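Here's the structure we're looking at; comments come further down.
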Amino acid sequence: MNYSKQRELALKVLQKNMCHPTADFVYEQMRKDLPNISLATVYRNLNQLAEAGLIRKVEGLDGSVHFDHNTHNHYHFVCIKCNKVYDVPCEVAPDLNQKVLVKTGLQVISHDITFKGICQHCQKHN
């Protein structure tokens, strides 16, 4: 992938905002440095970064597509009160792929797991 100022800035926005932002959020942040950038350009660059494996495209969290700078294997937790997205380490369910194979005979190549519930912050303020 060739160098692009827009892709570099999109990656920096994701690294500074570890909240699993949407393209709209990234767009608003990028406009501070590149006021003439279009939303289509932001989408194109985020998709290119995802296709190159530099970021993750996360779907199914809340109906919107989110982008994650963390490309290591992990799960997600979505708070049903504030909609904030948290990373959950895979160690909470070790050997999950192997357990599926043993129980069902199905060989898992990859999986995406999203937990939904109430985050610690919202629990304290209820």
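Residue numbering restarts at 1 in every chain; chains get A, B, ... in the order shown in the structure tokens, and ligands count up from 1 in that same order.
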Please report as a tab-separated table every residue of region 42-61 of chain A lying within 10 Å of region 14-34 of chain A, along with the nearest atom pair and their distance in Å (one decimal), using only C-alpha atoms.
residue	atom	partner	partner_atom	distance
A:Val42	CA	A:Tyr27	CA	6.1
A:Tyr43	CA	A:Ala23	CA	6.2
A:Arg44	CA	A:Ala23	CA	9.9
A:Asn45	CA	A:Ala23	CA	9.9
A:Leu46	CA	A:Ala23	CA	7.6
A:Asn47	CA	A:Ala23	CA	9.8
A:Ile55	CA	A:Leu14	CA	8.6
A:Arg56	CA	A:His20	CA	9.5
A:Lys57	CA	A:His20	CA	9.3
A:Val58	CA	A:His20	CA	8.3
A:Leu61	CA	A:His20	CA	9.9
All alpha helix (DSSP H) positions in region 26-116 of chain A, as an MDAnalysis selection string: chainID A and resid 26:30 39:51 96:104
CA of Val92 (chain A) to CA of Ile80 (chain A), straight-line distance in Å: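 We find that CA of Ile80 (chain A) and CA of Val92 (chain A) lie 20.4 Å from each other.
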Strand (DSSP E or B) positions in region 7-95 of chain A, given as a PyMOL selection string: chain A and resi 22+56-58+66-68+74-79+85-89
